[in-house]
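Participant: Got a structure for you, coords01.txt, holding compact mmCIF, C-alpha atoms.
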```
# COMPACT_ATOMS: atom_id res chain seq x y z
CA MET S 1 0.00 0.00 0.00
CA SER S 2 2.15 2.85 -1.23
CA ASN S 3 -0.45 5.61 -1.11
CA TYR S 4 -2.09 5.77 2.29
CA HIS S 5 -4.04 8.45 4.11
CA VAL S 6 -2.98 9.63 7.56
CA SER S 7 -6.15 10.08 9.54
CA ALA S 8 -4.97 9.76 13.11
CA ALA S 9 -4.89 12.99 15.10
CA PHE S 10 -1.68 11.77 16.71
CA THR S 11 1.31 10.75 14.65
CA PHE S 12 4.86 10.48 15.85
CA PRO S 13 6.14 13.19 13.45
CA ARG S 14 3.35 15.49 14.63
CA PHE S 15 4.40 14.81 18.21
CA LEU S 16 8.06 15.57 17.44
CA ASN S 17 7.17 18.76 15.59
CA THR S 18 4.94 19.80 18.48
CA LEU S 19 7.90 19.25 20.82
CA GLY S 20 9.97 21.44 18.50
CA LEU S 21 7.28 24.11 18.65
CA ILE S 22 7.24 23.88 22.45
CA GLY S 23 11.02 24.34 22.47
CA ILE S 24 10.90 27.38 20.18
CA THR S 25 8.05 28.89 22.21
CA PHE S 26 10.11 28.37 25.36
CA VAL S 27 13.20 29.99 23.79
CA LEU S 28 11.19 33.04 22.71
CA ALA S 29 9.42 33.27 26.07
CA PHE S 30 12.68 32.93 28.01
CA ALA S 31 14.38 35.69 26.00
CA PHE S 32 11.26 37.85 26.34
CA VAL S 33 11.08 37.42 30.12
CA TRP S 34 14.86 37.96 30.47
CA GLN S 35 14.51 41.20 28.51
CA PHE S 36 12.10 42.63 31.06
CA ALA S 37 13.40 40.95 34.23
CA TYR S 38 16.98 42.18 33.71
CA ASN S 39 16.16 45.28 31.64
CA GLU S 40 18.37 44.04 28.80
CA LEU S 41 17.04 45.21 25.47
CA PRO S 42 17.97 43.02 22.52
CA CYS S 43 20.46 44.36 19.98
CA PRO S 44 19.68 44.32 16.23
CA LEU S 45 21.45 40.96 15.74
CA CYS S 46 19.52 39.57 18.72
CA LEU S 47 16.29 40.69 17.07
CA LEU S 48 17.31 38.93 13.83
CA GLN S 49 17.88 35.75 15.82
CA ARG S 50 14.43 36.07 17.38
CA VAL S 51 12.89 36.49 13.93
CA ALA S 52 14.74 33.36 12.80
CA PHE S 53 13.37 31.46 15.82
CA MET S 54 9.88 32.70 14.94
CA LEU S 55 10.27 31.45 11.37
CA VAL S 56 11.62 28.11 12.62
CA GLY S 57 8.56 27.89 14.85
CA ILE S 58 6.29 28.59 11.89
CA GLY S 59 7.83 25.59 10.10
CA PHE S 60 7.18 23.39 13.14
CA LEU S 61 3.66 24.83 13.48
CA LEU S 62 2.87 24.02 9.83
CA ASN S 63 4.11 20.45 10.32
CA ALA S 64 2.11 20.05 13.53
CA ARG S 65 -1.05 21.44 11.97
CA PHE S 66 -1.00 20.15 8.39
CA GLY S 67 1.35 17.18 8.58
CA SER S 68 5.01 16.77 7.75
CA SER S 69 6.09 18.27 4.47
CA PRO S 70 9.48 18.82 2.85
CA MET S 71 8.37 22.42 2.23
CA HIS S 72 7.75 22.96 5.96
CA TYR S 73 11.10 21.43 6.83
CA GLY S 74 12.66 23.63 4.15
CA ILE S 75 11.20 26.73 5.83
CA THR S 76 12.60 25.52 9.13
CA ILE S 77 16.05 24.71 7.75
CA LEU S 78 16.41 27.98 5.81
CA SER S 79 15.28 29.95 8.87
CA ALA S 80 17.73 28.09 11.09
CA ILE S 81 20.54 28.76 8.59
CA GLY S 82 19.69 32.48 8.67
CA GLY S 83 19.62 32.41 12.46
CA ALA S 84 22.93 30.54 12.57
CA ILE S 85 24.48 33.19 10.34
CA ALA S 86 23.24 36.02 12.60
CA SER S 87 24.21 34.28 15.84
CA GLY S 88 27.52 33.10 14.38
CA ARG S 89 28.36 36.65 13.33
CA GLN S 90 27.55 37.95 16.78
CA THR S 91 29.58 35.20 18.41
CA LEU S 92 32.56 36.07 16.21
CA LEU S 93 32.15 39.79 17.02
CA HIS S 94 32.66 39.04 20.72
CA ILE S 95 35.21 36.24 20.51
CA ALA S 96 38.25 38.43 21.20
CA PRO S 97 39.94 37.90 24.58
CA GLY S 98 38.73 40.41 27.14
CA ASP S 99 35.52 41.21 25.25
CA PRO S 100 32.68 40.97 27.78
CA GLY S 101 30.10 40.20 25.06
CA PHE S 102 26.64 41.67 24.73
CA GLY S 103 24.20 41.13 27.57
CA SER S 104 24.45 38.86 30.57
CA PRO S 105 25.57 35.26 30.15
CA PHE S 106 23.23 32.39 30.94
CA LEU S 107 24.87 29.18 32.22
CA GLY S 108 28.26 30.53 31.21
CA MET S 109 27.41 31.50 27.62
CA HIS S 110 25.67 34.46 26.04
CA PHE S 111 22.27 34.07 24.39
CA TYR S 112 23.74 34.40 20.89
CA THR S 113 26.07 31.45 21.56
CA TRP S 114 23.14 29.39 22.82
CA ALA S 115 21.20 30.47 19.74
CA LEU S 116 23.98 29.24 17.43
CA ILE S 117 23.99 25.86 19.18
CA LEU S 118 20.19 25.60 18.94
CA PHE S 119 20.12 26.55 15.26
CA VAL S 120 22.69 23.84 14.45
CA ILE S 121 20.62 21.30 16.43
CA ILE S 122 17.46 22.36 14.56
CA ILE S 123 19.17 21.93 11.18
CA ALA S 124 20.40 18.45 12.16
CA TYR S 125 16.96 17.50 13.52
CA CYS S 126 15.22 18.55 10.30
CA ALA S 127 17.77 16.67 8.18
CA VAL S 128 17.13 13.49 10.18
CA MET S 129 13.36 13.99 9.98
CA LEU S 130 13.57 14.41 6.20
CA MET S 131 15.38 11.07 6.01
CA LEU S 132 13.19 9.13 8.45
CA ASP S 133 9.69 10.60 8.22
CA ARG S 134 7.62 8.12 6.20
CA THR S 135 4.62 10.47 5.96
CA LEU S 136 6.43 12.83 3.57
CA ASN S 137 4.49 11.62 0.56
CA GLY S 138 2.43 14.77 0.20
CA THR S 139 -0.47 13.46 2.27
CA VAL S 140 -2.11 16.17 4.30
CA VAL S 141 -3.19 15.36 7.84
CA THR S 142 -6.88 16.17 7.74
CA THR S 143 -7.61 15.58 11.41
CA PRO S 144 -7.10 18.82 13.33
CA PRO S 145 -4.62 18.74 16.20
CA ASN S 146 -5.91 18.08 19.69
CA GLY S 147 -6.53 20.81 22.25
CA MET S 148 -3.04 20.69 23.76
CA VAL S 149 -1.36 21.13 20.38
CA ARG S 150 -3.71 24.01 19.56
CA LEU S 151 -2.87 25.64 22.92
CA ILE S 152 0.85 25.37 22.14
CA MET S 153 0.22 26.89 18.70
CA TRP S 154 -1.63 29.84 20.24
CA LEU S 155 1.09 30.36 22.87
CA PHE S 156 3.62 30.49 20.04
CA VAL S 157 1.52 33.05 18.15
CA LEU S 158 1.22 35.06 21.39
CA MET S 159 5.03 35.04 21.73
CA ILE S 160 5.35 36.33 18.16
CA VAL S 161 2.91 39.18 18.86
CA GLY S 162 4.65 40.05 22.15
CA ASN S 163 8.10 40.08 20.56
CA LEU S 164 6.91 42.19 17.63
CA ALA S 165 5.25 44.67 20.01
CA SER S 166 8.38 45.00 22.17
CA THR S 167 10.52 45.43 19.04
CA PHE S 168 8.24 48.22 17.86
CA LEU S 169 8.49 49.88 21.29
CA GLU S 170 12.28 49.52 21.20
CA CYS S 171 12.93 50.65 17.63
CA GLY S 172 9.81 52.35 16.32
CA LEU S 173 9.57 52.28 12.55
CA GLY S 174 13.26 53.10 11.99
CA ALA S 175 16.51 51.26 12.41
CA CYS S 176 17.21 49.86 15.86
CA PRO S 177 20.06 51.41 17.87
CA ASP S 178 23.29 49.39 18.01
CA ASN S 179 23.33 49.35 21.81
CA PRO S 180 19.77 49.97 22.99
CA THR S 181 19.32 51.27 26.52
CA GLU S 182 15.69 52.39 26.47
CA TYR S 183 12.49 51.94 24.54
CA LEU S 184 12.44 54.59 21.82
CA MET S 185 8.64 54.75 21.69
CA LEU S 186 8.32 55.16 25.47
CA LYS S 187 10.61 58.20 25.78
```
Could you render the structure as structure tokens?
Facilitator:
Amino acid sequence: MSNYHVSAAFTFPRFLNTLGLIGITFVLAFAFVWQFAYNELPCPLCLLQRVAFMLVGIGFLLNARFGSSPMHYGITILSAIGGAIASGRQTLLHIAPGDPGFGSPFLGMHFYTWALILFVIIIAYCAVMLMLDRTLNGTVVTTPPNGMVRLIMWLFVLMIVGNLASTFLECGLGACPDNPTEYLMLK
């Protein structure tokens, strides 16, 4: 039976992509809470990394909602590559001995270093899923996700809205300052 229809609301790839979405939502929420708890506004490269995490999350969300697709994994991989470029650049900017880096470290490393590690893990995860996921035959999962998956999806969307709102408050409609110290729109 080479052409089958996935009708179960729960599939293992959906579960794994939902876990990925939970992880991305947690990363965005953690950075968002840190921003306000420690009054550390994100720099422009940090904001690019957040956008990349949002786009990675959209790829996971599409897989969780509509079923695994090479196109969704492609969105995730390209977004993670963009995020790895931004976080890699920032890591290299602060690699010189004696450079304190930007922002406070978390567990001994700065957020941009953690971001680089996570983006590489995401790329590897998606590559493995593309090789192993047997549902990648173009079949769309027609059964909507259960309530928990929908809740996770809405929490992710809420994190996107919150991050976009704080970015607008920080930068307005112009370019963001290199070393932000206050919210431009709240002056």
Participant: So which residues touch range 16-32 of chain S within 6 Å, counting only C-alpha atoms, skipping near sequence neighbours fewer than 5 positions away, as number ranges by chain?
Facilitator: S: 57, 60, 64, 156
Participant: May I ask which of the residues S:Cys176, S:Leu184, S:Leu107, S:Leu151 is the closest one to Leu61 in chain S, counting all atoms listed in the file?
Facilitator: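 Once distances to Leu61 in chain S are computed over all atoms listed in the file, the minimum belongs to S:Leu151.
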Participant: What is the distance, in Å and to one decimal place, between CA of Tyr73 in chain S and CA of Cys126 in chain S?
Facilitator: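 Atom-to-atom, CA of Tyr73 in chain S to CA of Cys126 in chain S, that is 6.1 Å.
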Participant: Between S:Ala96, S:Leu158, S:Cys43, S:Ala80, single out the one closest to Tyr183 in chain S, counting all atoms listed in the file.
Facilitator: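 Of all the options, S:Cys43 lies closest to Tyr183 in chain S.
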Participant: May I have the residues within 10 Å of Leu186 in chain S as a list in words, using all atoms listed in the file and disregarding those fewer than 5 positions away in the same chain?
Facilitator: Leu169, Glu170 and Gly172 of chain S
Participant: CA of Glu40 in chain S and CA of Ile81 in chain S, how far apart in Å?
Facilitator: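 Atom-to-atom, CA of Ile81 in chain S and CA of Glu40 in chain S are spaced 25.4 Å apart.
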Participant: Nearest to Met54 in chain S among S:Thr91, S:Thr11, S:Asn163, S:Ser69, with distances taken over only C-alpha atoms: which residue is it?
Facilitator: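 Going through S:Thr91, S:Thr11, S:Asn163, S:Ser69 one by one, the smallest distance to Met54 in chain S is for S:Asn163.
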Participant: Give the answer as one residue: which of S:Phe66, S:Lys187, S:Leu47, S:Pro42 has the shortest atom-to-atom distance to Pro145 in chain S, using only C-alpha atoms?
Facilitator: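 Among the listed residues, the smallest separation from Pro145 in chain S belongs to S:Phe66.
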Participant: What is the CA of Asn39 in chain S-CA of Pro105 in chain S distance in Å, reported with one decimal?
Facilitator: 13.8 Å
Participant: Would you be able to write out as number ranges by chain which residues have an atom within 9 Å of (23.4, 43.5, 14.5) in the file's coordinates, counting only C-alpha atoms?
Facilitator: S: 43-48, 86, 89-90, 176, 178
Participant: Just checking: using only C-alpha atoms, which residue out of S:Cys171, S:Leu116, S:Ile75, S:Leu155 ends up closest to Leu55 in chain S?
Facilitator: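 So, comparing all the options, the nearest one is S:Ile75.
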Participant: Between S:Phe102, S:Phe53, S:Phe36, S:Trp154, which has the minimum distance to Ala115 in chain S (counting all atoms listed in the file)?
Facilitator: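 Closest to Ala115 in chain S, using all atoms listed in the file: S:Phe53.
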Participant: Step by step, gather every atom of range 79-83 of chain S that the file lists, find the box along x, y and z that holds them, add 4 Å on each side, and finally give centre and edge lengths in Å to one decimal, as JSON.
Facilitator:
```
{"center_x": 17.9, "center_y": 30.3, "center_z": 10.5, "size_x": 13.3, "size_y": 12.4, "size_z": 11.9}
```
